[in-house]
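To be precise, the following lines are query.csv, and they hold CSV, C-alpha atoms.
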chain,number,residue,atom,x,y,z
H,1,MET,CA,1.9,1.3,18.7
H,2,ASN,CA,2.7,-1.6,16.4
H,3,GLU,CA,1.8,-1.2,12.7
H,4,CYS,CA,2.8,-1.7,9.1
H,5,VAL,CA,2.9,1.5,7.1
H,6,PRO,CA,6.6,0.8,2.1
H,7,ASN,CA,9.9,0.7,-0.2
H,8,GLY,CA,9.5,1.7,-2.9
H,9,ALA,CA,11.4,-1.2,-3.9
H,10,ASN,CA,10.2,-3.8,-1.7
H,11,THR,CA,7.9,-5.7,0.9
H,12,ARG,CA,8.3,-3.6,3.9
H,13,CYS,CA,6.4,-3.6,7.2
H,14,ILE,CA,7.1,-1.6,10.3
H,15,ILE,CA,6.6,-3.3,13.7
H,16,ALA,CA,7.3,-0.9,16.5
H,17,PRO,CA,6.8,-1.2,20.3
H,18,ALA,CA,3.6,0.2,21.7
H,19,ASN,CA,5.2,3.4,22.9
H,20,VAL,CA,6.7,4.2,19.5
H,21,ALA,CA,4.8,6.8,17.5
H,22,ARG,CA,3.2,6.0,14.2
H,23,ASP,CA,5.4,6.5,11.2
H,24,ALA,CA,5.5,6.6,7.4
H,25,ALA,CA,8.6,4.6,6.7
H,26,PRO,CA,8.6,2.1,3.9
H,27,PRO,CA,7.4,-1.5,3.9
H,28,HIS,CA,10.0,-3.2,6.0
H,29,HIS,CA,9.8,-5.3,9.2
H,30,CYS,CA,11.2,-3.5,12.2
H,31,LEU,CA,11.6,-6.3,14.6
H,32,VAL,CA,11.4,-5.8,18.3
H,33,PRO,CA,12.7,-8.8,20.3
H,34,ARG,CA,10.7,-10.3,23.1
H,35,SER,CA,11.5,-13.1,25.4
H,36,SER,CA,9.1,-16.1,25.2
H,37,GLY,CA,7.3,-15.2,28.4
H,38,GLU,CA,6.8,-11.5,28.1
H,39,GLU,CA,3.4,-10.0,27.3
H,40,SER,CA,4.8,-6.7,26.2
H,41,TYR,CA,7.9,-4.9,25.3
H,42,ASN,CA,8.7,-1.2,26.0
H,43,ARG,CA,11.5,0.4,24.2
H,44,PRO,CA,14.0,2.0,26.7
H,45,THR,CA,13.9,5.8,26.8
H,46,SER,CA,16.8,8.0,25.9
H,47,HIS,CA,17.3,8.6,29.6
H,48,GLU,CA,17.6,4.8,30.2
H,49,TYR,CA,20.1,4.5,27.4
H,50,ALA,CA,22.1,7.4,28.8
H,51,SER,CA,22.2,5.8,32.3
H,52,PRO,CA,25.5,4.3,33.6
H,53,GLY,CA,26.1,0.8,32.3
H,54,ARG,CA,23.9,1.3,29.2
H,55,PHE,CA,25.7,4.1,27.4
H,56,VAL,CA,24.7,4.6,23.8
H,57,PRO,CA,26.3,7.5,21.9
H,58,MET,CA,23.9,10.2,21.0
H,59,GLU,CA,24.9,9.9,17.4
H,60,LEU,CA,24.1,6.2,17.1
H,61,TRP,CA,20.5,6.7,16.1
H,62,PHE,CA,21.4,9.2,13.4
H,63,ALA,CA,24.1,6.9,12.0
H,64,LEU,CA,21.7,4.0,11.9
H,65,ALA,CA,19.0,6.1,10.3
H,66,MET,CA,21.5,7.1,7.6
H,67,VAL,CA,22.4,3.5,7.0
H,68,VAL,CA,18.7,2.8,6.5
H,69,VAL,CA,18.4,5.6,3.9
H,70,PHE,CA,21.5,4.2,2.1
H,71,LEU,CA,20.4,0.5,2.2
H,72,TRP,CA,16.8,1.1,1.2
H,73,GLY,CA,17.8,3.8,-1.4
H,74,THR,CA,20.4,1.5,-3.1
H,75,ASP,CA,18.0,-1.4,-2.8
H,76,GLY,CA,15.9,0.0,-5.6
H,77,ILE,CA,18.9,0.4,-7.9
H,78,LEU,CA,20.1,-3.2,-7.3
H,79,ALA,CA,16.5,-4.4,-7.8
H,80,LYS,CA,16.3,-2.5,-11.1
H,81,LEU,CA,19.6,-3.9,-12.4
H,82,SER,CA,18.9,-7.5,-11.4
H,83,THR,CA,15.3,-7.6,-12.5
H,84,GLN,CA,16.1,-6.5,-16.0
H,85,LYS,CA,18.6,-9.4,-16.4
H,86,LEU,CA,16.8,-12.1,-14.4
H,87,GLY,CA,13.1,-11.4,-15.1
H,88,VAL,CA,10.5,-11.4,-12.4
H,89,ALA,CA,10.1,-15.2,-12.4
H,90,ARG,CA,13.7,-15.7,-11.4
H,91,VAL,CA,13.4,-12.9,-8.8
H,92,ALA,CA,10.5,-14.9,-7.4
H,93,VAL,CA,12.9,-17.8,-6.8
H,94,LEU,CA,15.2,-15.5,-4.8
H,95,ILE,CA,12.3,-14.2,-2.8
H,96,LEU,CA,11.2,-17.7,-2.0
H,97,VAL,CA,14.7,-18.5,-0.7
H,98,VAL,CA,16.0,-15.2,0.8
H,99,ASP,CA,12.8,-13.7,2.2
H,100,GLY,CA,11.2,-17.0,3.2
H,101,LEU,CA,14.3,-18.0,5.2
H,102,THR,CA,14.7,-14.6,6.8
H,103,TYR,CA,11.1,-14.4,7.9
H,104,PHE,CA,11.3,-17.9,9.3
H,105,LEU,CA,14.4,-17.0,11.4
H,106,GLY,CA,12.7,-13.8,12.5
H,107,PHE,CA,9.6,-15.7,13.5
H,108,TYR,CA,11.6,-18.3,15.4
H,109,TYR,CA,13.4,-15.6,17.4
H,110,TRP,CA,10.7,-13.0,17.9
H,111,ARG,CA,7.5,-15.0,18.1
H,112,ASP,CA,4.9,-14.1,20.8
H,113,ASN,CA,3.0,-16.4,23.1
H,114,LEU,CA,-0.4,-15.0,22.2
H,115,PRO,CA,-3.5,-16.8,21.1
H,116,ILE,CA,-4.6,-16.2,17.5
H,117,GLY,CA,-8.3,-16.3,16.7
H,118,LEU,CA,-9.6,-17.5,13.3
H,119,SER,CA,-10.6,-14.0,12.2
H,120,ASP,CA,-7.3,-12.5,13.2
H,121,GLY,CA,-5.4,-15.3,11.5
H,122,LEU,CA,-7.4,-14.9,8.3
H,123,LEU,CA,-6.8,-11.1,8.3
H,124,ALA,CA,-3.1,-11.8,8.8
H,125,VAL,CA,-2.9,-14.2,5.8
H,126,ILE,CA,-4.8,-11.7,3.6
H,127,SER,CA,-2.6,-8.8,4.7
H,128,CYS,CA,0.7,-10.7,4.1
H,129,VAL,CA,-0.4,-12.1,0.8
H,130,VAL,CA,-1.5,-8.7,-0.5
H,131,GLY,CA,1.8,-7.2,0.7
H,132,THR,CA,3.8,-9.8,-1.2
H,133,VAL,CA,1.7,-9.5,-4.3
H,134,ALA,CA,2.4,-5.7,-4.2
H,135,TYR,CA,6.1,-6.6,-4.0
H,136,PHE,CA,5.8,-8.5,-7.3
H,137,CYS,CA,3.9,-5.6,-8.8
H,138,PHE,CA,6.8,-3.4,-7.9
H,139,PHE,CA,9.2,-5.7,-9.7
H,140,GLU,CA,7.0,-5.8,-12.7
H,141,SER,CA,6.9,-2.0,-12.8
H,142,ILE,CA,10.7,-1.7,-12.9
H,143,VAL,CA,11.5,-4.2,-15.6
H,144,GLU,CA,11.1,-1.5,-18.2
H,145,GLY,CA,10.0,1.5,-16.2
H,146,GLN,CA,12.2,4.0,-14.5
H,147,ILE,CA,13.0,3.2,-10.9
H,148,ALA,CA,13.0,6.9,-10.0
H,149,ILE,CA,9.4,7.2,-10.9
H,150,ALA,CA,8.0,3.7,-10.2
H,151,GLY,CA,9.9,3.4,-6.9
H,152,THR,CA,8.6,6.8,-5.7
H,153,ILE,CA,5.0,6.0,-6.7
H,154,SER,CA,5.0,2.7,-4.8
H,155,ALA,CA,6.8,4.2,-1.8
H,156,ALA,CA,4.1,6.8,-1.4
H,157,TYR,CA,1.6,4.2,-0.2
H,158,PRO,CA,1.5,5.4,3.5
H,159,ALA,CA,-0.8,8.2,2.3
H,160,LEU,CA,-3.4,5.6,1.5
H,161,THR,CA,-2.8,3.8,4.8
H,162,VAL,CA,-3.4,7.1,6.7
H,163,ILE,CA,-6.6,7.8,4.7
H,164,GLY,CA,-7.8,4.2,5.5
H,165,ALA,CA,-7.1,4.8,9.2
H,166,LEU,CA,-9.2,7.9,9.1
H,167,VAL,CA,-12.1,6.1,7.5
H,168,PHE,CA,-12.1,2.7,9.2
H,169,LEU,CA,-10.2,3.4,12.5
H,170,SER,CA,-11.6,6.9,13.3
H,171,GLU,CA,-8.1,8.3,13.7
H,172,THR,CA,-7.7,12.1,13.5
H,173,LEU,CA,-5.7,14.2,11.1
H,174,THR,CA,-3.7,17.4,11.8
H,175,ALA,CA,-3.5,20.3,9.4
H,176,ALA,CA,0.1,19.5,8.6
H,177,GLN,CA,-0.8,15.9,7.9
H,178,ALA,CA,-3.6,17.0,5.6
H,179,ILE,CA,-1.2,19.2,3.6
H,180,ALA,CA,1.3,16.3,3.4
H,181,LEU,CA,-1.3,13.9,2.2
H,182,THR,CA,-2.4,16.3,-0.5
H,183,ALA,CA,1.2,16.8,-1.6
H,184,ILE,CA,1.8,13.0,-1.8
H,185,ILE,CA,-1.4,12.2,-3.6
H,186,GLY,CA,-0.9,15.2,-6.0
H,187,GLY,CA,2.7,14.1,-6.6
H,188,VAL,CA,1.6,10.5,-7.4
H,189,VAL,CA,-1.0,11.8,-9.8
H,190,ALA,CA,1.6,14.0,-11.5
H,191,LEU,CA,4.1,11.2,-11.7
H,192,SER,CA,1.4,9.1,-13.4
H,193,TYR,CA,1.0,11.7,-16.1
H,194,GLU,CA,3.4,11.4,-19.1
H,195,PRO,CA,3.5,14.8,-20.9
H,196,ASN,CA,5.3,13.3,-23.9
H,197,PRO,CA,4.3,9.6,-24.3
H,198,GLY,CA,6.4,9.4,-27.5
H,199,ALA,CA,9.6,10.4,-25.8
H,200,GLU,CA,12.5,7.9,-25.7
H,201,HIS,CA,12.5,7.9,-21.9
H,202,ALA,CA,8.7,8.0,-21.4
H,203,MET,CA,7.3,5.7,-18.7
H,204,PRO,CA,5.7,2.7,-20.3
H,205,ARG,CA,2.0,2.3,-19.6
H,206,ARG,CA,2.5,-1.3,-18.3
H,207,SER,CA,5.1,-0.1,-15.8
H,208,LEU,CA,3.0,2.7,-14.7
H,209,PHE,CA,0.0,0.4,-14.2
H,210,PHE,CA,2.0,-2.0,-11.9
H,211,ALA,CA,3.5,0.9,-10.0
H,212,LEU,CA,0.1,2.3,-9.2
H,213,LEU,CA,-1.2,-1.2,-8.4
H,214,ALA,CA,1.7,-1.7,-5.9
H,215,PHE,CA,0.8,1.8,-4.5
H,216,ALA,CA,-2.8,0.7,-3.9
H,217,LEU,CA,-2.1,-2.8,-2.6
H,218,TRP,CA,0.6,-1.6,-0.2
H,219,GLY,CA,-1.9,1.0,1.0
H,220,PHE,CA,-4.4,-1.7,1.9
H,221,TRP,CA,-1.7,-3.9,3.3
H,222,GLY,CA,-0.4,-1.2,5.6
H,223,LEU,CA,-3.9,-0.6,7.1
H,224,ALA,CA,-4.6,-4.3,7.5
H,225,SER,CA,-1.2,-5.0,9.0
H,226,LYS,CA,-1.7,-2.2,11.5
H,227,MET,CA,-5.0,-3.8,12.6
H,228,VAL,CA,-3.8,-7.4,12.8
H,229,ILE,CA,-0.4,-6.7,14.5
H,230,ASN,CA,-2.2,-5.1,17.4
H,231,GLU,CA,-4.1,-8.4,17.9
H,232,ILE,CA,-1.6,-11.1,17.3
H,233,GLY,CA,1.7,-9.4,18.2
H,234,PRO,CA,4.6,-8.2,16.0
H,235,GLY,CA,6.6,-11.4,16.2
H,236,ASN,CA,3.8,-13.7,15.2
H,237,ILE,CA,3.1,-11.7,12.0
H,238,LEU,CA,6.4,-13.0,10.7
H,239,GLY,CA,5.1,-16.5,10.6
H,240,PHE,CA,2.4,-15.4,8.2
H,241,TYR,CA,5.0,-13.8,6.0
H,242,VAL,CA,6.8,-17.1,5.8
H,243,ILE,CA,3.5,-18.4,4.3
H,244,SER,CA,3.1,-15.6,1.9
H,245,SER,CA,6.7,-15.6,0.9
H,246,THR,CA,6.3,-19.2,-0.1
H,247,ILE,CA,2.8,-19.3,-1.6
H,248,VAL,CA,3.0,-16.1,-3.7
H,249,PRO,CA,6.3,-16.8,-5.5
H,250,ILE,CA,5.3,-20.4,-6.2
H,251,ALA,CA,1.9,-19.2,-7.6
H,252,TYR,CA,3.7,-16.6,-9.7
H,253,ILE,CA,6.2,-19.1,-11.1
H,254,TRP,CA,3.3,-21.5,-11.9
H,255,PHE,CA,1.4,-18.8,-13.6
H,256,ARG,CA,4.4,-17.9,-15.7
H,257,ARG,CA,5.1,-21.6,-16.3
H,258,ALA,CA,8.6,-20.9,-15.0
H,259,ARG,CA,9.3,-18.9,-18.1
H,260,PRO,CA,10.9,-15.5,-17.4
H,261,VAL,CA,9.2,-13.8,-20.3
H,262,GLN,CA,10.7,-10.4,-19.4
H,263,SER,CA,14.2,-11.7,-19.1
H,264,ARG,CA,16.6,-10.3,-21.8
H,265,ASN,CA,19.0,-13.2,-21.2
H,266,SER,CA,17.9,-16.9,-21.5
H,267,LYS,CA,20.8,-17.7,-19.2
H,268,PRO,CA,21.6,-14.8,-17.0
H,269,SER,CA,25.1,-14.7,-15.5
H,270,TRP,CA,25.9,-15.4,-11.9
H,271,LYS,CA,26.5,-11.7,-11.4
H,272,ALA,CA,22.8,-11.1,-12.1
H,273,TRP,CA,21.8,-13.6,-9.4
H,274,VAL,CA,24.2,-12.0,-6.9
H,275,LEU,CA,22.7,-8.6,-7.7
H,276,GLY,CA,19.2,-9.9,-7.1
H,277,ALA,CA,20.2,-11.6,-3.8
H,278,THR,CA,22.0,-8.5,-2.7
H,279,ALA,CA,19.0,-6.3,-3.4
H,280,LEU,CA,16.8,-8.5,-1.1
H,281,ALA,CA,19.6,-8.7,1.5
H,282,SER,CA,19.9,-4.9,1.5
H,283,ASN,CA,16.2,-4.7,2.2
H,284,VAL,CA,16.5,-7.0,5.2
H,285,CYS,CA,19.7,-5.3,6.5
H,286,GLY,CA,17.8,-2.0,6.3
H,287,VAL,CA,15.0,-3.6,8.4
H,288,PHE,CA,17.4,-4.5,11.2
H,289,ALA,CA,19.2,-1.1,11.0
H,290,PHE,CA,15.8,0.6,11.3
H,291,SER,CA,14.9,-1.5,14.3
H,292,PHE,CA,18.1,-0.6,16.2
H,293,ALA,CA,17.7,3.0,15.2
H,294,LEU,CA,14.2,3.1,16.8
H,295,ASN,CA,15.6,1.5,19.9
H,296,ALA,CA,18.5,4.0,20.2
H,297,GLY,CA,16.6,7.1,19.3
H,298,SER,CA,13.3,8.8,19.1
H,299,ALA,CA,10.9,7.6,16.4
H,300,SER,CA,10.0,11.3,15.7
H,301,LEU,CA,13.6,11.7,14.5
H,302,VAL,CA,14.4,8.3,13.0
H,303,VAL,CA,11.3,8.0,10.9
H,304,PRO,CA,11.4,11.2,8.9
H,305,ILE,CA,15.1,10.7,8.1
H,306,SER,CA,14.5,7.1,7.0
H,307,SER,CA,11.5,8.2,4.9
H,308,ALA,CA,13.8,10.2,2.7
H,309,TYR,CA,15.3,7.1,1.1
H,310,PRO,CA,13.5,7.6,-2.3
H,311,LEU,CA,15.7,10.6,-2.7
H,312,VAL,CA,18.7,8.4,-2.7
H,313,THR,CA,17.1,6.1,-5.3
H,314,VAL,CA,16.3,9.0,-7.5
H,315,ILE,CA,19.8,10.5,-7.3
H,316,LEU,CA,21.4,7.1,-8.1
H,317,ALA,CA,19.0,6.4,-10.9
H,318,VAL,CA,19.9,9.6,-12.6
H,319,ALA,CA,23.7,9.4,-11.9
H,320,LEU,CA,24.3,5.6,-12.5
H,321,LEU,CA,21.4,4.4,-14.7
H,322,HIS,CA,21.2,7.7,-16.6
H,323,GLU,CA,17.4,7.9,-16.2
H,324,LYS,CA,16.0,11.1,-17.6
H,325,LEU,CA,13.5,13.2,-15.6
H,326,ASP,CA,11.8,16.3,-16.9
H,327,ARG,CA,11.1,19.3,-14.7
H,328,PHE,CA,7.4,18.3,-14.3
H,329,HIS,CA,8.4,14.9,-12.8
H,330,ILE,CA,11.2,16.4,-10.7
H,331,VAL,CA,8.7,18.7,-9.0
H,332,ALA,CA,6.3,15.8,-8.4
H,333,LEU,CA,9.1,13.7,-6.8
H,334,ILE,CA,10.0,16.6,-4.5
H,335,PHE,CA,6.3,16.9,-3.4
H,336,VAL,CA,6.1,13.1,-2.6
H,337,ILE,CA,9.3,13.0,-0.6
H,338,ILE,CA,8.5,16.1,1.4
H,339,GLY,CA,5.1,14.7,2.1
H,340,LEU,CA,6.5,11.4,3.4
H,341,VAL,CA,8.9,13.3,5.7
H,342,VAL,CA,6.2,15.5,7.0
H,343,ILE,CA,4.0,12.4,7.7
H,344,GLY,CA,6.9,10.9,9.6
H,345,ILE,CA,7.5,14.0,11.7
H,346,THR,CA,3.9,14.6,12.6
H,347,GLY,CA,2.7,10.9,12.8

As structure tokens, please, write out the structure in this file.
Amino acid sequence: MNECVPNGANTRCIIAPANVARDAAPPHHCLVPRSSGEESYNRPTSHEYASPGRFVPMELWFALAMVVVFLWGTDGILAKLSTQKLGVARVAVLILVVDGLTYFLGFYYWRDNLPIGLSDGLLAVISCVVGTVAYFCFFESIVEGQIAIAGTISAAYPALTVIGALVFLSETLTAAQAIALTAIIGGVVALSYEPNPGAEHAMPRRSLFFALLAFALWGFWGLASKMVINEIGPGNILGFYVISSTIVPIAYIWFRRARPVQSRNSKPSWKAWVLGATALASNVCGVFAFSFALNAGSASLVVPISSAYPLVTVILAVALLHEKLDRFHIVALIFVIIGLVVIGITG
């Protein structure tokens, strides 16, 4: 099955081979290489990897999954630090360069020789544009808001994707998945509630609005991407991300008149630019690590481990950024993370 289903911190789409189970990992692009003449690609089984001449250590998938957790978990922290100093308008410039170039290279290498109809192409454009807009909503949410809360809310979007699949694709839901969805939705609602709005570390309403908007948009994006990837192929979708990673940042910069109104520094240092580029690069590196992890191990094991990355973000946000979380929000965070892991295990 090929589908897109978040990061908290970033545009993330999952593209898995047809024999890989559905997952709830964040919005990254798990790229599966195909030669130009192939119609399909089947991931080698664990027995094939264990055969003579193609030996892969049993621990490789676990090591790669942990790398994914680290990269996607730290990605949110780097994004928080850089966005505060650069402002979202300058981050848009980095997205235009880093993401646009990365998607172009991925499309060039992994493109599929499949015909694309007008309706499929239109759905692909809408899906990619919505996903990129959600990415900007996430950045808007962390300018002043806590990454521990904003990142977890936006990372919970697979719950909406699953609900959409139930309604529009007639997919079924197990009891465990129903409980997980309830935990995720309940956790997001709890995170959206501020028991003490006047507190020093209270989540600003503006940040909460954009975090919830990213959550909703990524939910739609995940469902639309799932539908379109099955029609046009996992490699071809990257070409449409080249388009969205160009159009949306330019539109945002034009809308802001190239004035980073949220930037605290009129001339941010080169270190801020490096932090921003590193955040985007961490996202991309996590994508490739996730891809290789799926190829080296079972999706039923790789996905739930990778889905726990918000836990790293929360821990680092508290330890390094000194973000304050009350017990109410801590419980809500635990519910969301456990729900994401359960969705990954049972998906």

Discussion item. Please determine, counting all atoms listed in the file, which residue among H:Ile179, H:Ile243, H:Leu86, H:Ile77 has the shortest atom-to-atom distance to Ile315 (chain H).
Written reply: H:Ile77

Worksheet entry | Atomic distance CA of Phe139 (chain H) - CA of Gly344 (chain H), expressed in Å with one decimal |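 Between CA of Phe139 (chain H) and CA of Gly344 (chain H) the gap works out to 25.6 Å.
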
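CA of Ile153 (chain H) sits 22.3 Å away from CA of Leu173 (chain H).
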
Response to the item:
Students should find that CA of Thr346 (chain H) and CA of Ala178 (chain H) are spaced 10.5 Å

Worksheet item: Skipping near chain neighbours, those fewer than 6 positions away, what residues fall within 8 Å of region 320-336 of chain H using only C-alpha atoms, listed as a ChimeraX atom specification?
Response: /H:146,148-149,152,156,183-188,190-191,201

The selected residues should be written to file as a tab-separated table (two decimals), keeping the file's coordinate frame (atoms: C-alpha atoms).
chain	number	residue	atom	x	y	z
H	146	GLN	CA	12.20	4.00	-14.50
H	148	ALA	CA	13.00	6.90	-10.00
H	149	ILE	CA	9.40	7.20	-10.90
H	152	THR	CA	8.60	6.80	-5.70
H	156	ALA	CA	4.10	6.80	-1.40
H	183	ALA	CA	1.20	16.80	-1.60
H	184	ILE	CA	1.80	13.00	-1.80
H	185	ILE	CA	-1.40	12.20	-3.60
H	186	GLY	CA	-0.90	15.20	-6.00
H	187	GLY	CA	2.70	14.10	-6.60
H	188	VAL	CA	1.60	10.50	-7.40
H	190	ALA	CA	1.60	14.00	-11.50
H	191	LEU	CA	4.10	11.20	-11.70
H	201	HIS	CA	12.50	7.90	-21.90

Please identify all polymer residues within 8 Å of region 211-218 of chain H, counting only C-alpha atoms, omitting same-chain residues fewer than 2 positions from it, and present them as a tab-separated table (two decimals) with C-alpha atoms, in the frame of the given file.
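Okay, this is what ended up in out-v8.tsv:
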chain	number	residue	atom	x	y	z
H	6	PRO	CA	6.60	0.80	2.10
H	27	PRO	CA	7.40	-1.50	3.90
H	130	VAL	CA	-1.50	-8.70	-0.50
H	131	GLY	CA	1.80	-7.20	0.70
H	133	VAL	CA	1.70	-9.50	-4.30
H	134	ALA	CA	2.40	-5.70	-4.20
H	135	TYR	CA	6.10	-6.60	-4.00
H	137	CYS	CA	3.90	-5.60	-8.80
H	138	PHE	CA	6.80	-3.40	-7.90
H	141	SER	CA	6.90	-2.00	-12.80
H	150	ALA	CA	8.00	3.70	-10.20
H	151	GLY	CA	9.90	3.40	-6.90
H	153	ILE	CA	5.00	6.00	-6.70
H	154	SER	CA	5.00	2.70	-4.80
H	155	ALA	CA	6.80	4.20	-1.80
H	156	ALA	CA	4.10	6.80	-1.40
H	157	TYR	CA	1.60	4.20	-0.20
H	158	PRO	CA	1.50	5.40	3.50
H	160	LEU	CA	-3.40	5.60	1.50
H	207	SER	CA	5.10	-0.10	-15.80
H	208	LEU	CA	3.00	2.70	-14.70
H	209	PHE	CA	0.00	0.40	-14.20
H	220	PHE	CA	-4.40	-1.70	1.90
H	221	TRP	CA	-1.70	-3.90	3.30
H	222	GLY	CA	-0.40	-1.20	5.60

Worksheet item: Within 9 Å of Ala79 (chain H), counting only C-alpha atoms, which residues qualify if same-chain residues fewer than 5 places away don't, as a VMD selection string?
Response: chain H and resid 9 to 10 74 84 139 142 147 275 to 276 278 to 280

Practice prompt. Measuring atom to atom with all atoms listed in the file, identify which of H:Gly233, H:Thr246, H:Leu340, H:Ala281 is nearest to Trp110 (chain H).
Written response: H:Gly233

Considering only C-alpha atoms, tabulate each residue of region 216-329 of chain H that lies at most 12 Å from region 124-129 of chain H along with its nearest interatomic pair and the corresponding distance in Å to one decimal; arrange the rows by chain and ascending residue number and present them as JSON lines.
{"residue": "H:Leu217", "atom": "CA", "partner": "H:Ser127", "partner_atom": "CA", "distance": 9.5}
{"residue": "H:Trp218", "atom": "CA", "partner": "H:Ser127", "partner_atom": "CA", "distance": 9.3}
{"residue": "H:Gly219", "atom": "CA", "partner": "H:Ser127", "partner_atom": "CA", "distance": 10.5}
{"residue": "H:Phe220", "atom": "CA", "partner": "H:Ser127", "partner_atom": "CA", "distance": 7.8}
{"residue": "H:Trp221", "atom": "CA", "partner": "H:Ser127", "partner_atom": "CA", "distance": 5.2}
{"residue": "H:Gly222", "atom": "CA", "partner": "H:Ser127", "partner_atom": "CA", "distance": 8.0}
{"residue": "H:Leu223", "atom": "CA", "partner": "H:Ser127", "partner_atom": "CA", "distance": 8.6}
{"residue": "H:Ala224", "atom": "CA", "partner": "H:Ser127", "partner_atom": "CA", "distance": 5.7}
{"residue": "H:Ser225", "atom": "CA", "partner": "H:Ser127", "partner_atom": "CA", "distance": 5.9}
{"residue": "H:Lys226", "atom": "CA", "partner": "H:Ser127", "partner_atom": "CA", "distance": 9.5}
{"residue": "H:Met227", "atom": "CA", "partner": "H:Ala124", "partner_atom": "CA", "distance": 9.1}
{"residue": "H:Val228", "atom": "CA", "partner": "H:Ala124", "partner_atom": "CA", "distance": 6.0}
{"residue": "H:Ile229", "atom": "CA", "partner": "H:Ala124", "partner_atom": "CA", "distance": 8.1}
{"residue": "H:Asn230", "atom": "CA", "partner": "H:Ala124", "partner_atom": "CA", "distance": 10.9}
{"residue": "H:Glu231", "atom": "CA", "partner": "H:Ala124", "partner_atom": "CA", "distance": 9.8}
{"residue": "H:Ile232", "atom": "CA", "partner": "H:Ala124", "partner_atom": "CA", "distance": 8.7}
{"residue": "H:Gly233", "atom": "CA", "partner": "H:Ala124", "partner_atom": "CA", "distance": 10.8}
{"residue": "H:Pro234", "atom": "CA", "partner": "H:Ala124", "partner_atom": "CA", "distance": 11.1}
{"residue": "H:Asn236", "atom": "CA", "partner": "H:Ala124", "partner_atom": "CA", "distance": 9.6}
{"residue": "H:Ile237", "atom": "CA", "partner": "H:Ala124", "partner_atom": "CA", "distance": 7.0}
{"residue": "H:Leu238", "atom": "CA", "partner": "H:Cys128", "partner_atom": "CA", "distance": 9.0}
{"residue": "H:Gly239", "atom": "CA", "partner": "H:Val125", "partner_atom": "CA", "distance": 9.6}
{"residue": "H:Phe240", "atom": "CA", "partner": "H:Val125", "partner_atom": "CA", "distance": 5.9}
{"residue": "H:Tyr241", "atom": "CA", "partner": "H:Cys128", "partner_atom": "CA", "distance": 5.6}
{"residue": "H:Val242", "atom": "CA", "partner": "H:Cys128", "partner_atom": "CA", "distance": 9.0}
{"residue": "H:Ile243", "atom": "CA", "partner": "H:Val125", "partner_atom": "CA", "distance": 7.8}
{"residue": "H:Ser244", "atom": "CA", "partner": "H:Val129", "partner_atom": "CA", "distance": 5.1}
{"residue": "H:Ser245", "atom": "CA", "partner": "H:Val129", "partner_atom": "CA", "distance": 7.9}
{"residue": "H:Thr246", "atom": "CA", "partner": "H:Val129", "partner_atom": "CA", "distance": 9.8}
{"residue": "H:Ile247", "atom": "CA", "partner": "H:Val129", "partner_atom": "CA", "distance": 8.2}
{"residue": "H:Val248", "atom": "CA", "partner": "H:Val129", "partner_atom": "CA", "distance": 6.9}
{"residue": "H:Pro249", "atom": "CA", "partner": "H:Val129", "partner_atom": "CA", "distance": 10.3}
{"residue": "H:Ala251", "atom": "CA", "partner": "H:Val129", "partner_atom": "CA", "distance": 11.2}

Practice prompt. Tell me, as a PyMOL selection string, which residues lie within 10 Å of Tyr252 (chain H), counting only C-alpha atoms; anything in the same chain fewer than 6 positions away does not count.
Written response: chain H and resi 88-89+92-93+133+136+258

Output of the above residues as a PDB file, in the frame of the given file, restricted to C-alpha atoms:
ATOM      1  CA  VAL H  88      10.500 -11.400 -12.400  1.00  0.00           C
ATOM      2  CA  ALA H  89      10.100 -15.200 -12.400  1.00  0.00           C
ATOM      3  CA  ALA H  92      10.500 -14.900  -7.400  1.00  0.00           C
ATOM      4  CA  VAL H  93      12.900 -17.800  -6.800  1.00  0.00           C
ATOM      5  CA  VAL H 133       1.700  -9.500  -4.300  1.00  0.00           C
ATOM      6  CA  PHE H 136       5.800  -8.500  -7.300  1.00  0.00           C
ATOM      7  CA  ALA H 258       8.600 -20.900 -15.000  1.00  0.00           C
TER       8      ALA H 258
END

Item to complete: Would you be able to write out as a list in words which residues have an atom within 12 Å of (21.9, -15.0, -14.4) in the file's coordinates, counting all atoms listed in the file?
Response: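 Counting all atoms listed in the file, I find these residues within 12 Å of (21.9, -15.0, -14.4): Leu81, Ser82, Thr83, Gln84, Lys85, Leu86, Gly87, Ala89, Arg90, Val91, Leu94, Pro260, Ser263, Arg264, Asn265, Ser266, Lys267, Pro268, Ser269, Trp270, Lys271, Ala272, Trp273, Val274, Leu275, Gly276 and Ala277 of chain H.
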